[in-house]
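Visitor: My file is run_34.pdb. It has PDB, C-alpha atoms:
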ATOM      1  CA  MET A   1     -43.687 -48.545 -42.570
ATOM      2  CA  VAL A   2     -43.441 -50.933 -39.612
ATOM      3  CA  TRP A   3     -46.707 -52.194 -38.069
ATOM      4  CA  ALA A   4     -47.492 -54.085 -34.889
ATOM      5  CA  ILE A   5     -50.051 -56.829 -35.603
ATOM      6  CA  ASP A   6     -51.151 -59.491 -33.112
ATOM      7  CA  SER A   7     -48.443 -58.299 -30.691
ATOM      8  CA  LEU A   8     -45.654 -58.748 -33.242
ATOM      9  CA  ILE A   9     -43.710 -56.232 -35.284
ATOM     10  CA  TYR A  10     -43.380 -57.183 -38.924
ATOM     11  CA  ASP A  11     -40.748 -55.367 -40.936
ATOM     12  CA  ASN A  12     -41.115 -56.282 -44.581
ATOM     13  CA  ASN A  13     -37.557 -55.235 -45.262
ATOM     14  CA  VAL A  14     -35.743 -57.353 -42.669
ATOM     15  CA  LYS A  15     -38.356 -60.135 -42.097
ATOM     16  CA  ARG A  16     -37.841 -60.150 -38.330
ATOM     17  CA  GLN A  17     -40.383 -60.111 -35.505
ATOM     18  CA  ILE A  18     -40.193 -58.300 -32.153
ATOM     19  CA  MET A  19     -42.747 -58.661 -29.352
ATOM     20  CA  VAL A  20     -44.511 -55.341 -28.528
ATOM     21  CA  ASN A  21     -48.025 -54.028 -27.924
ATOM     22  CA  GLN A  22     -50.411 -53.651 -30.838
ATOM     23  CA  PHE A  23     -50.062 -50.249 -32.463
ATOM     24  CA  PRO A  24     -48.755 -48.702 -35.690
ATOM     25  CA  LEU A  25     -45.271 -47.258 -35.557
ATOM     26  CA  ALA A  26     -43.923 -44.238 -37.418
ATOM     27  CA  GLU A  27     -41.332 -44.509 -40.152
ATOM     28  CA  VAL A  28     -38.063 -45.732 -38.612
ATOM     29  CA  PRO A  29     -34.707 -47.001 -39.860
ATOM     30  CA  ILE A  30     -34.816 -50.487 -41.348
ATOM     31  CA  ASN A  31     -32.759 -52.065 -38.541
ATOM     32  CA  SER A  32     -35.349 -53.370 -36.067
ATOM     33  CA  GLU A  33     -32.930 -52.937 -33.155
ATOM     34  CA  SER A  34     -33.172 -49.224 -33.757
ATOM     35  CA  VAL A  35     -36.961 -49.535 -33.318
ATOM     36  CA  ILE A  36     -36.457 -50.768 -29.764
ATOM     37  CA  ASN A  37     -33.854 -48.090 -29.034
ATOM     38  CA  THR A  38     -36.199 -45.375 -30.300
ATOM     39  CA  LEU A  39     -39.013 -46.610 -28.047
ATOM     40  CA  GLU A  40     -36.743 -46.856 -25.022
ATOM     41  CA  THR A  41     -35.183 -43.394 -25.393
ATOM     42  CA  LYS A  42     -38.278 -41.333 -26.183
ATOM     43  CA  PRO A  43     -38.113 -38.351 -23.793
ATOM     44  CA  GLN A  44     -40.682 -38.171 -21.001
ATOM     45  CA  GLU A  45     -42.859 -35.082 -20.944
ATOM     46  CA  PHE A  46     -42.958 -33.247 -17.618
ATOM     47  CA  ALA A  47     -45.030 -30.217 -16.653
ATOM     48  CA  LEU A  48     -44.143 -27.754 -13.910
ATOM     49  CA  TYR A  49     -47.166 -25.954 -12.450
ATOM     50  CA  LEU A  50     -46.133 -22.785 -10.615
ATOM     51  CA  ASP A  51     -47.819 -20.589  -8.055
ATOM     52  CA  GLU A  52     -46.460 -17.896  -5.759
ATOM     53  CA  SER A  53     -46.932 -17.038  -2.097
ATOM     54  CA  GLY A  54     -46.257 -13.614  -0.600
ATOM     55  CA  SER A  55     -45.365 -10.348  -2.297
ATOM     56  CA  PRO A  56     -42.321 -10.430  -4.581
ATOM     57  CA  LYS A  57     -41.502  -6.747  -4.069
ATOM     58  CA  PRO A  58     -38.368  -5.974  -1.987
ATOM     59  CA  ASN A  59     -40.266  -3.751   0.431
ATOM     60  CA  PRO A  60     -38.629  -3.361   3.892
ATOM     61  CA  ASP A  61     -42.034  -2.579   5.409
ATOM     62  CA  ASP A  62     -43.542  -5.901   4.328
ATOM     63  CA  SER A  63     -43.949  -8.048   7.445
ATOM     64  CA  SER A  64     -44.251 -11.332   5.554
ATOM     65  CA  PRO A  65     -41.155 -13.428   6.309
ATOM     66  CA  PHE A  66     -40.877 -14.981   2.858
ATOM     67  CA  PHE A  67     -41.698 -15.031  -0.807
ATOM     68  CA  ALA A  68     -42.052 -18.410  -2.490
ATOM     69  CA  MET A  69     -42.541 -19.700  -5.997
ATOM     70  CA  GLY A  70     -43.076 -23.349  -6.780
ATOM     71  CA  GLY A  71     -45.634 -26.079  -6.964
ATOM     72  CA  VAL A  72     -45.866 -29.494  -8.537
ATOM     73  CA  LEU A  73     -43.843 -31.289 -11.160
ATOM     74  CA  ILE A  74     -45.800 -34.020 -12.918
ATOM     75  CA  GLU A  75     -45.463 -36.502 -15.721
ATOM     76  CA  ARG A  76     -47.968 -35.482 -18.380
ATOM     77  CA  SER A  77     -49.346 -39.017 -18.479
ATOM     78  CA  ASN A  78     -50.485 -38.618 -14.849
ATOM     79  CA  GLU A  79     -52.485 -35.430 -15.359
ATOM     80  CA  GLY A  80     -55.812 -37.216 -15.854
ATOM     81  CA  ARG A  81     -55.403 -39.249 -12.673
ATOM     82  CA  ILE A  82     -54.642 -36.122 -10.639
ATOM     83  CA  LYS A  83     -57.723 -34.349 -11.935
ATOM     84  CA  SER A  84     -59.907 -37.368 -11.173
ATOM     85  CA  LEU A  85     -58.700 -37.511  -7.557
ATOM     86  CA  LEU A  86     -59.497 -33.829  -7.035
ATOM     87  CA  VAL A  87     -62.923 -34.095  -8.671
ATOM     88  CA  GLU A  88     -63.751 -37.056  -6.435
ATOM     89  CA  PHE A  89     -62.734 -35.039  -3.365
ATOM     90  CA  LYS A  90     -64.951 -32.138  -4.407
ATOM     91  CA  ASN A  91     -67.858 -34.474  -5.011
ATOM     92  CA  ARG A  92     -67.465 -36.075  -1.589
ATOM     93  CA  TRP A  93     -67.818 -32.641   0.045
ATOM     94  CA  ASN A  94     -70.424 -31.233  -2.363
ATOM     95  CA  ILE A  95     -68.023 -28.535  -3.562
ATOM     96  CA  ASN A  96     -69.031 -27.059  -6.902
ATOM     97  CA  LEU A  97     -66.472 -28.067  -9.507
ATOM     98  CA  GLU A  98     -66.164 -24.403 -10.537
ATOM     99  CA  ILE A  99     -64.985 -23.374  -7.050
ATOM    100  CA  PRO A 100     -61.184 -23.509  -6.764
ATOM    101  CA  LEU A 101     -59.576 -25.240  -3.808
ATOM    102  CA  HIS A 102     -57.908 -22.042  -2.662
ATOM    103  CA  GLY A 103     -55.588 -22.737   0.253
ATOM    104  CA  ASN A 104     -55.958 -19.391   2.009
ATOM    105  CA  GLU A 105     -59.778 -19.558   1.943
ATOM    106  CA  ILE A 106     -59.706 -23.143   3.214
ATOM    107  CA  ARG A 107     -57.243 -22.430   6.036
ATOM    108  CA  SER A 108     -59.092 -19.283   7.144
ATOM    109  CA  ARG A 109     -62.535 -20.848   6.563
ATOM    110  CA  LYS A 110     -63.657 -17.685   4.778
ATOM    111  CA  LYS A 111     -65.363 -16.612   1.560
ATOM    112  CA  ARG A 112     -66.318 -19.692  -0.470
ATOM    113  CA  PHE A 113     -65.201 -21.966   2.384
ATOM    114  CA  ALA A 114     -66.939 -20.130   5.213
ATOM    115  CA  TRP A 115     -69.239 -23.159   5.499
ATOM    116  CA  LEU A 116     -66.259 -25.166   6.688
ATOM    117  CA  GLY A 117     -66.022 -23.109   9.875
ATOM    118  CA  LYS A 118     -69.635 -23.975  10.705
ATOM    119  CA  LEU A 119     -68.918 -27.684  10.844
ATOM    120  CA  SER A 120     -68.188 -29.462  14.099
ATOM    121  CA  ASP A 121     -64.545 -29.876  15.100
ATOM    122  CA  SER A 122     -64.673 -33.555  14.214
ATOM    123  CA  GLU A 123     -66.134 -32.839  10.771
ATOM    124  CA  GLN A 124     -63.511 -30.177  10.119
ATOM    125  CA  GLU A 125     -60.837 -32.659  11.102
ATOM    126  CA  ARG A 126     -62.350 -35.196   8.735
ATOM    127  CA  PHE A 127     -62.353 -32.634   5.919
ATOM    128  CA  PHE A 128     -58.698 -31.731   6.383
ATOM    129  CA  GLY A 129     -57.741 -35.375   6.724
ATOM    130  CA  ASP A 130     -59.542 -36.198   3.495
ATOM    131  CA  LEU A 131     -57.918 -33.244   1.725
ATOM    132  CA  THR A 132     -54.463 -34.297   2.906
ATOM    133  CA  ASN A 133     -55.031 -37.904   1.840
ATOM    134  CA  THR A 134     -56.228 -36.716  -1.570
ATOM    135  CA  ILE A 135     -53.128 -34.562  -2.068
ATOM    136  CA  ILE A 136     -50.641 -37.240  -1.052
ATOM    137  CA  SER A 137     -52.399 -39.780  -3.290
ATOM    138  CA  CYS A 138     -51.537 -37.670  -6.336
ATOM    139  CA  PRO A 139     -48.492 -38.718  -8.426
ATOM    140  CA  ILE A 140     -46.589 -35.449  -7.990
ATOM    141  CA  VAL A 141     -43.169 -34.097  -7.108
ATOM    142  CA  VAL A 142     -43.309 -30.929  -5.001
ATOM    143  CA  HIS A 143     -40.665 -28.319  -5.764
ATOM    144  CA  ALA A 144     -40.118 -24.706  -4.693
ATOM    145  CA  CYS A 145     -37.808 -21.768  -4.187
ATOM    146  CA  VAL A 146     -38.449 -20.057  -0.857
ATOM    147  CA  VAL A 147     -36.828 -16.651  -0.349
ATOM    148  CA  SER A 148     -36.192 -15.109   3.063
ATOM    149  CA  ARG A 149     -37.445 -11.557   2.746
ATOM    150  CA  GLN A 150     -35.093 -10.108   5.344
ATOM    151  CA  GLY A 151     -32.163 -12.098   4.012
ATOM    152  CA  TYR A 152     -32.853 -10.923   0.472
ATOM    153  CA  LEU A 153     -33.063  -7.290   1.560
ATOM    154  CA  LYS A 154     -29.813  -7.544   3.539
ATOM    155  CA  ARG A 155     -27.981  -9.099   0.612
ATOM    156  CA  TYR A 156     -29.246  -6.911  -2.225
ATOM    157  CA  LEU A 157     -31.167  -3.771  -1.217
ATOM    158  CA  GLU A 158     -28.231  -1.795   0.184
ATOM    159  CA  LYS A 159     -26.079  -2.765  -2.789
ATOM    160  CA  TYR A 160     -28.571  -2.175  -5.608
ATOM    161  CA  GLY A 161     -31.146   0.167  -4.096
ATOM    162  CA  GLU A 162     -34.087   0.842  -6.398
ATOM    163  CA  ASN A 163     -32.531  -1.452  -9.007
ATOM    164  CA  THR A 164     -32.962  -4.473  -6.740
ATOM    165  CA  TRP A 165     -34.811  -7.225  -8.604
ATOM    166  CA  GLU A 166     -38.211  -8.328  -7.489
ATOM    167  CA  MET A 167     -37.844 -11.677  -5.768
ATOM    168  CA  MET A 168     -39.988 -13.312  -8.423
ATOM    169  CA  ARG A 169     -37.240 -13.007 -11.030
ATOM    170  CA  SER A 170     -34.726 -14.825  -8.835
ATOM    171  CA  ALA A 171     -37.214 -17.441  -7.632
ATOM    172  CA  PHE A 172     -38.573 -18.140 -11.117
ATOM    173  CA  SER A 173     -35.091 -18.576 -12.598
ATOM    174  CA  ILE A 174     -34.046 -20.914  -9.795
ATOM    175  CA  ILE A 175     -37.147 -23.117  -9.757
ATOM    176  CA  VAL A 176     -37.349 -23.481 -13.538
ATOM    177  CA  GLU A 177     -33.657 -24.351 -13.809
ATOM    178  CA  ARG A 178     -33.862 -26.953 -11.057
ATOM    179  CA  ALA A 179     -37.015 -28.492 -12.502
ATOM    180  CA  ALA A 180     -35.344 -28.628 -15.925
ATOM    181  CA  LYS A 181     -32.348 -30.418 -14.401
ATOM    182  CA  TYR A 182     -34.709 -32.903 -12.744
ATOM    183  CA  ALA A 183     -36.456 -33.542 -16.060
ATOM    184  CA  GLU A 184     -33.073 -34.080 -17.685
ATOM    185  CA  LEU A 185     -32.220 -36.700 -15.047
ATOM    186  CA  LYS A 186     -35.356 -38.556 -16.118
ATOM    187  CA  ASN A 187     -34.571 -38.207 -19.840
ATOM    188  CA  GLY A 188     -37.364 -35.675 -20.112
ATOM    189  CA  THR A 189     -38.338 -32.218 -21.251
ATOM    190  CA  LEU A 190     -40.311 -29.580 -19.395
ATOM    191  CA  MET A 191     -43.388 -27.460 -20.039
ATOM    192  CA  VAL A 192     -43.990 -24.598 -17.585
ATOM    193  CA  TYR A 193     -47.439 -23.399 -16.499
ATOM    194  CA  PHE A 194     -48.207 -20.502 -14.164
ATOM    195  CA  GLU A 195     -51.388 -19.016 -12.751
ATOM    196  CA  ALA A 196     -52.640 -16.150 -14.881
ATOM    197  CA  ALA A 197     -52.499 -12.884 -12.931
ATOM    198  CA  GLY A 198     -52.796 -10.141 -15.533
ATOM    199  CA  LYS A 199     -51.199  -9.003 -18.780
ATOM    200  CA  LYS A 200     -48.231  -7.240 -17.143
ATOM    201  CA  GLU A 201     -47.464  -9.970 -14.601
ATOM    202  CA  ASP A 202     -47.881 -12.769 -17.135
ATOM    203  CA  GLY A 203     -45.662 -10.920 -19.583
ATOM    204  CA  LEU A 204     -42.868 -10.685 -17.009
ATOM    205  CA  LEU A 205     -42.800 -14.443 -16.437
ATOM    206  CA  LYS A 206     -42.743 -15.104 -20.164
ATOM    207  CA  GLN A 207     -39.917 -12.600 -20.497
ATOM    208  CA  TYR A 208     -37.903 -14.353 -17.758
ATOM    209  CA  PHE A 209     -38.545 -17.683 -19.474
ATOM    210  CA  ASN A 210     -37.410 -16.438 -22.876
ATOM    211  CA  GLU A 211     -34.292 -14.922 -21.330
ATOM    212  CA  LEU A 212     -33.371 -18.285 -19.834
ATOM    213  CA  ARG A 213     -33.536 -19.855 -23.279
ATOM    214  CA  SER A 214     -31.680 -17.043 -25.007
ATOM    215  CA  HIS A 215     -29.064 -16.065 -22.370
ATOM    216  CA  GLY A 216     -29.096 -18.660 -19.576
ATOM    217  CA  ASN A 217     -29.742 -17.797 -15.937
ATOM    218  CA  PRO A 218     -29.280 -14.146 -14.911
ATOM    219  CA  PHE A 219     -27.045 -14.632 -11.876
ATOM    220  CA  ASP A 220     -23.422 -13.661 -11.275
ATOM    221  CA  PRO A 221     -21.449 -16.493 -12.915
ATOM    222  CA  ASN A 222     -18.847 -16.529 -10.151
ATOM    223  CA  ARG A 223     -21.423 -16.936  -7.373
ATOM    224  CA  SER A 224     -23.607 -19.398  -9.276
ATOM    225  CA  SER A 225     -20.847 -21.647 -10.652
ATOM    226  CA  GLN A 226     -21.085 -23.906  -7.585
ATOM    227  CA  TYR A 227     -24.603 -24.889  -8.719
ATOM    228  CA  SER A 228     -23.507 -26.016 -12.219
ATOM    229  CA  PRO A 229     -25.849 -23.661 -14.081
ATOM    230  CA  LEU A 230     -27.436 -24.697 -17.353
ATOM    231  CA  SER A 231     -26.416 -22.876 -20.506
ATOM    232  CA  ASN A 232     -28.908 -21.173 -22.786
ATOM    233  CA  THR A 233     -28.431 -24.123 -25.153
ATOM    234  CA  ASP A 234     -29.397 -26.501 -22.326
ATOM    235  CA  PHE A 235     -32.484 -24.441 -21.527
ATOM    236  CA  SER A 236     -33.512 -24.364 -25.194
ATOM    237  CA  ARG A 237     -33.195 -28.132 -25.370
ATOM    238  CA  LEU A 238     -35.045 -28.906 -22.134
ATOM    239  CA  LEU A 239     -37.776 -26.250 -21.987
ATOM    240  CA  ARG A 240     -40.657 -26.853 -24.387
ATOM    241  CA  GLY A 241     -42.638 -23.725 -23.624
ATOM    242  CA  ILE A 242     -44.604 -21.657 -21.117
ATOM    243  CA  ASP A 243     -48.284 -20.834 -20.775
ATOM    244  CA  SER A 244     -50.790 -19.613 -18.209
ATOM    245  CA  LYS A 245     -53.644 -21.459 -16.520
ATOM    246  CA  THR A 246     -56.611 -20.062 -14.619
ATOM    247  CA  LYS A 247     -57.554 -20.812 -11.020
ATOM    248  CA  ASN A 248     -60.144 -23.258 -12.331
ATOM    249  CA  ASN A 249     -57.428 -25.623 -13.533
ATOM    250  CA  LEU A 250     -57.373 -28.539 -11.093
ATOM    251  CA  VAL A 251     -53.616 -29.101 -11.184
ATOM    252  CA  MET A 252     -53.082 -25.394 -10.516
ATOM    253  CA  GLN A 253     -55.327 -25.721  -7.453
ATOM    254  CA  LEU A 254     -53.148 -28.578  -6.252
ATOM    255  CA  THR A 255     -50.116 -26.348  -6.773
ATOM    256  CA  ASP A 256     -51.575 -23.720  -4.457
ATOM    257  CA  LEU A 257     -52.226 -26.330  -1.774
ATOM    258  CA  CYS A 258     -48.706 -27.783  -1.969
ATOM    259  CA  LEU A 259     -46.643 -24.587  -2.118
ATOM    260  CA  TYR A 260     -47.758 -22.956   1.128
ATOM    261  CA  PRO A 261     -46.645 -25.793   3.457
ATOM    262  CA  VAL A 262     -43.188 -25.778   1.855
ATOM    263  CA  ALA A 263     -43.001 -21.988   2.093
ATOM    264  CA  ARG A 264     -43.733 -22.166   5.832
ATOM    265  CA  SER A 265     -41.384 -25.080   6.468
ATOM    266  CA  GLN A 266     -38.596 -22.830   7.741
ATOM    267  CA  ASP A 267     -40.598 -21.068  10.454
ATOM    268  CA  GLN A 268     -43.141 -23.882  10.941
ATOM    269  CA  PRO A 269     -41.174 -27.092  10.271
ATOM    270  CA  ASP A 270     -43.767 -29.196  12.070
ATOM    271  CA  ASN A 271     -46.783 -28.048  10.068
ATOM    272  CA  ARG A 272     -48.886 -31.105   9.329
ATOM    273  CA  ALA A 273     -49.202 -30.554   5.596
ATOM    274  CA  PHE A 274     -45.437 -30.318   5.114
ATOM    275  CA  LEU A 275     -44.802 -33.394   7.247
ATOM    276  CA  SER A 276     -47.366 -35.345   5.218
ATOM    277  CA  LEU A 277     -45.624 -34.410   1.950
ATOM    278  CA  ARG A 278     -42.266 -35.411   3.384
ATOM    279  CA  GLU A 279     -43.477 -38.674   4.923
ATOM    280  CA  LYS A 280     -45.106 -39.650   1.622
ATOM    281  CA  ARG A 281     -41.802 -38.786  -0.116
ATOM    282  CA  LEU A 282     -43.411 -36.289  -2.463
ATOM    283  CA  LEU A 283     -40.789 -33.560  -1.987
ATOM    284  CA  VAL A 284     -38.247 -33.399  -4.799
ATOM    285  CA  ASP A 285     -35.424 -33.836  -2.277
ATOM    286  CA  CYS A 286     -36.729 -37.335  -1.540
ATOM    287  CA  TYR A 287     -35.988 -38.340  -5.146
ATOM    288  CA  LEU A 288     -32.415 -37.058  -5.148
ATOM    289  CA  GLU A 289     -29.078 -38.301  -3.919
ATOM    290  CA  PRO A 290     -27.697 -36.165  -1.061
ATOM    291  CA  SER A 291     -25.040 -34.792  -3.409
ATOM    292  CA  GLN A 292     -27.728 -33.610  -5.857
ATOM    293  CA  ILE A 293     -29.937 -31.681  -3.440
ATOM    294  CA  ASP A 294     -27.809 -28.536  -3.429
ATOM    295  CA  GLN A 295     -28.162 -28.174  -7.205
ATOM    296  CA  LEU A 296     -31.590 -29.713  -7.892
ATOM    297  CA  GLY A 297     -33.516 -29.707  -4.619
ATOM    298  CA  ILE A 298     -35.846 -27.241  -2.927
ATOM    299  CA  LYS A 299     -34.011 -23.936  -2.646
ATOM    300  CA  TYR A 300     -34.130 -21.908   0.559
ATOM    301  CA  TYR A 301     -32.666 -18.659  -0.700
ATOM    302  CA  CYS A 302     -30.964 -15.994   1.443
ATOM    303  CA  PHE A 303     -31.857 -17.682   4.713
ATOM    304  CA  ASP A 304     -28.171 -17.524   5.618
ATOM    305  CA  GLN A 305     -28.538 -13.715   5.630
ATOM    306  CA  ALA A 306     -31.694 -13.549   7.741
TER     307      ALA A 306
END
Using the file provided, produce a representation of the structure as structure tokens.

Guide:
Amino acid sequence: MVWAIDSLIYDNNVKRQIMVNQFPLAEVPINSESVINTLETKPQEFALYLDESGSPKPNPDDSSPFFAMGGVLIERSNEGRIKSLLVEFKNRWNINLEIPLHGNEIRSRKKRFAWLGKLSDSEQERFFGDLTNTIISCPIVVHACVVSRQGYLKRYLEKYGENTWEMMRSAFSIIVERAAKYAELKNGTLMVYFEAAGKKEDGLLKQYFNELRSHGNPFDPNRSSQYSPLSNTDFSRLLRGIDSKTKNNLVMQLTDLCLYPVARSQDQPDNRAFLSLREKRLLVDCYLEPSQIDQLGIKYYCFDQA
């Protein structure tokens, strides 16, 4: 056993000392250089929190221009800080901690946020400014797959008819793969969380996840080869697991607030929330080299067909 005492590592077998913080270390090889290498190469733990916006069904009568799946990618060590920032925001505005920060209710000033519409214009502006500042103060990376509904229908509905996939399967596979690649860039692994929606819906996402680990992504290999797809072995190595969270989870609430501005960025590129995320360099594309964006960045899917 190697122990750190008074900021020094003592290895009884090699009688050498290495400066580190004070804590006990697990059993390691006798060579103390390998101790340093082990500490330096320990994988980071990332978590991808996912939400969805719009209906995933390929219905030609649906007037919504898009379906989106995405949210925030965080280092697990930052989760406590994120939750503290959101609790402080709620406390400043006397929002019960049990009330989720639901983006649609806030934007429409309805239901549990109807009180917001009764405030003066200046107070409403102060609220939204405070909310934006809270969001962009969080240590997050915003990621998403946004699907053009009309483009998706043009590309797939005529060809596959009633066998056309729901857009959620495509979007989920794309966003999880890209987030896994990002984690790999950072010498990390990925845990996936999604908002619980019901036994059937939750089961589908878990099924898609397990299929990634057992078979790789589900796309045509000839069309997807340009994106350097991960193999099932890669997915098994990088993906730690998947689980659901309720709307009361604070990071999931942040996910809801961050996804919508990205989803609307194609038809509303000047929306204030999206611009704030971009200016603060919280979009995943801001962390990537230009050559990496096509394979790891935010995916705008089927917009070339719209």

Visitor: Quick one: residues within 7 Å of segment 79-86 of chain A, all atoms listed in the file, excluding same-chain residues fewer than 4 positions away - as a PyMOL selection string?

Guide: chain A and resi 90+134+138+250-251

Visitor: Counting only C-alpha atoms, which residue out of A:Leu277, A:Leu190, A:Pro56, A:Leu153 sits closest to Ser265 of chain A?

Guide: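 Answer, going by the shortest atom-to-atom distance: A:Leu277.
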
Visitor: Selection in question (the file shown): the PyMOL selection byres ((chain A and resi 97-112) around 12). Which residues does it include, as a PyMOL selection string?

Guide: chain A and resi 51-54+83-84+86-96+113-119+124-125+127-128+131-132+135+246-261+273

Visitor: Given all atoms listed in the file as the basis, pick out the residue of A:Pro58, A:Pro43, A:Gly70, A:Pro65 nearest to Ile298 of chain A.

Guide: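 Among the listed residues, A:Gly70 lies closest to Ile298 of chain A.
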
Visitor: For Asp61 of chain A, which residue among A:Gln150, A:Lys245, A:Ile175, A:Lys159 is the nearest when counting only C-alpha atoms?

Guide: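 For Asp61 of chain A, the nearest of the candidates is A:Gln150.
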
Visitor: Hey, what comes out of the PyMOL selection byres ((chain A and resi 226-237) around 12) on this file? Could you write it as a PyMOL selection string?

Guide: chain A and resi 43+173-174+176-184+187-191+209-225+238-241+291-297+299

Visitor: Produce a file of the selected residues containing C-alpha atoms, as a PDB file, keeping the file's coordinate frame.

Guide:
ATOM      1  CA  PRO A  43     -38.113 -38.351 -23.793  1.00  0.00           C
ATOM      2  CA  SER A 173     -35.091 -18.576 -12.598  1.00  0.00           C
ATOM      3  CA  ILE A 174     -34.046 -20.914  -9.795  1.00  0.00           C
ATOM      4  CA  VAL A 176     -37.349 -23.481 -13.538  1.00  0.00           C
ATOM      5  CA  GLU A 177     -33.657 -24.351 -13.809  1.00  0.00           C
ATOM      6  CA  ARG A 178     -33.862 -26.953 -11.057  1.00  0.00           C
ATOM      7  CA  ALA A 179     -37.015 -28.492 -12.502  1.00  0.00           C
ATOM      8  CA  ALA A 180     -35.344 -28.628 -15.925  1.00  0.00           C
ATOM      9  CA  LYS A 181     -32.348 -30.418 -14.401  1.00  0.00           C
ATOM     10  CA  TYR A 182     -34.709 -32.903 -12.744  1.00  0.00           C
ATOM     11  CA  ALA A 183     -36.456 -33.542 -16.060  1.00  0.00           C
ATOM     12  CA  GLU A 184     -33.073 -34.080 -17.685  1.00  0.00           C
ATOM     13  CA  ASN A 187     -34.571 -38.207 -19.840  1.00  0.00           C
ATOM     14  CA  GLY A 188     -37.364 -35.675 -20.112  1.00  0.00           C
ATOM     15  CA  THR A 189     -38.338 -32.218 -21.251  1.00  0.00           C
ATOM     16  CA  LEU A 190     -40.311 -29.580 -19.395  1.00  0.00           C
ATOM     17  CA  MET A 191     -43.388 -27.460 -20.039  1.00  0.00           C
ATOM     18  CA  PHE A 209     -38.545 -17.683 -19.474  1.00  0.00           C
ATOM     19  CA  ASN A 210     -37.410 -16.438 -22.876  1.00  0.00           C
ATOM     20  CA  GLU A 211     -34.292 -14.922 -21.330  1.00  0.00           C
ATOM     21  CA  LEU A 212     -33.371 -18.285 -19.834  1.00  0.00           C
ATOM     22  CA  ARG A 213     -33.536 -19.855 -23.279  1.00  0.00           C
ATOM     23  CA  SER A 214     -31.680 -17.043 -25.007  1.00  0.00           C
ATOM     24  CA  HIS A 215     -29.064 -16.065 -22.370  1.00  0.00           C
ATOM     25  CA  GLY A 216     -29.096 -18.660 -19.576  1.00  0.00           C
ATOM     26  CA  ASN A 217     -29.742 -17.797 -15.937  1.00  0.00           C
ATOM     27  CA  PRO A 218     -29.280 -14.146 -14.911  1.00  0.00           C
ATOM     28  CA  PHE A 219     -27.045 -14.632 -11.876  1.00  0.00           C
ATOM     29  CA  ASP A 220     -23.422 -13.661 -11.275  1.00  0.00           C
ATOM     30  CA  PRO A 221     -21.449 -16.493 -12.915  1.00  0.00           C
ATOM     31  CA  ASN A 222     -18.847 -16.529 -10.151  1.00  0.00           C
ATOM     32  CA  ARG A 223     -21.423 -16.936  -7.373  1.00  0.00           C
ATOM     33  CA  SER A 224     -23.607 -19.398  -9.276  1.00  0.00           C
ATOM     34  CA  SER A 225     -20.847 -21.647 -10.652  1.00  0.00           C
ATOM     35  CA  LEU A 238     -35.045 -28.906 -22.134  1.00  0.00           C
ATOM     36  CA  LEU A 239     -37.776 -26.250 -21.987  1.00  0.00           C
ATOM     37  CA  ARG A 240     -40.657 -26.853 -24.387  1.00  0.00           C
ATOM     38  CA  GLY A 241     -42.638 -23.725 -23.624  1.00  0.00           C
ATOM     39  CA  SER A 291     -25.040 -34.792  -3.409  1.00  0.00           C
ATOM     40  CA  GLN A 292     -27.728 -33.610  -5.857  1.00  0.00           C
ATOM     41  CA  ILE A 293     -29.937 -31.681  -3.440  1.00  0.00           C
ATOM     42  CA  ASP A 294     -27.809 -28.536  -3.429  1.00  0.00           C
ATOM     43  CA  GLN A 295     -28.162 -28.174  -7.205  1.00  0.00           C
ATOM     44  CA  LEU A 296     -31.590 -29.713  -7.892  1.00  0.00           C
ATOM     45  CA  GLY A 297     -33.516 -29.707  -4.619  1.00  0.00           C
ATOM     46  CA  LYS A 299     -34.011 -23.936  -2.646  1.00  0.00           C
TER      47      LYS A 299
END

Visitor: Of the candidates A:Leu283, A:Ala171, A:Ala197, A:Leu205, which shows the shortest atom-to-atom distance to Val72 of chain A, using only C-alpha atoms?

Guide: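 Closest to Val72 of chain A, using only C-alpha atoms: A:Leu283.
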
Visitor: Find the residue from A:Ser244, A:Ser170, A:Ser148, A:Asn163 that sits nearest to Gly203 of chain A; use all atoms listed in the file when measuring.

Guide: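 The shortest atom-to-atom distance to Gly203 of chain A comes from A:Ser244.
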
Visitor: A:Lys154, A:Arg169, A:Lys186, A:Lys57: which is nearest Tyr208 of chain A, counting only C-alpha atoms?

Guide: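 Nearest to Tyr208 of chain A: A:Arg169.
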
Visitor: Please indicate the distance in Å from atom CA of Phe46 of chain A to atom CA of Asn271 of chain A, rounded to one decimal place.

Guide: 28.4 Å

Visitor: So the first atom is atom CA of Leu73 of chain A and the second is atom CA of Tyr300 of chain A; what is the distance between them in Å, to one decimal place?

Guide: 17.9 Å

Visitor: Give me the residues within 9 Å of Ser276 of chain A as number ranges by chain, counting all atoms listed in the file and dropping any in the same chain fewer than 6 places off.

Guide: A: 132-133, 136, 282

Visitor: Please dump the current selection as a PDB file, keeping the file's coordinate frame; keep C-alpha atoms.

Guide:
ATOM      1  CA  THR A 132     -54.463 -34.297   2.906  1.00  0.00           C
ATOM      2  CA  ASN A 133     -55.031 -37.904   1.840  1.00  0.00           C
ATOM      3  CA  ILE A 136     -50.641 -37.240  -1.052  1.00  0.00           C
ATOM      4  CA  LEU A 282     -43.411 -36.289  -2.463  1.00  0.00           C
TER       5      LEU A 282
END

Visitor: For Val146 of chain A, find every residue with an atom within 7 Å (counting all atoms listed in the file), except residues of its own chain fewer than 2 positions away, and show them as JSON, numbers by chain.

Guide: {"A": [66, 67, 68, 69, 144, 148, 263, 299, 300, 301]}

Visitor: At what distance in Å, to one decimal, does atom CA of Ala47 of chain A lie from atom CA of Glu195 of chain A?

Guide: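 If I compute the distance from atom CA of Glu195 of chain A to atom CA of Ala47 of chain A, I get 13.5 Å.
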
Visitor: Which polymer residues have any atom within 10 Å of an atom of Lys280 of chain A, counting all atoms listed in the file, with same-chain residues fewer than 6 positions away left out, as a ChimeraX atom specification?

Guide: /A:136-137,274,286
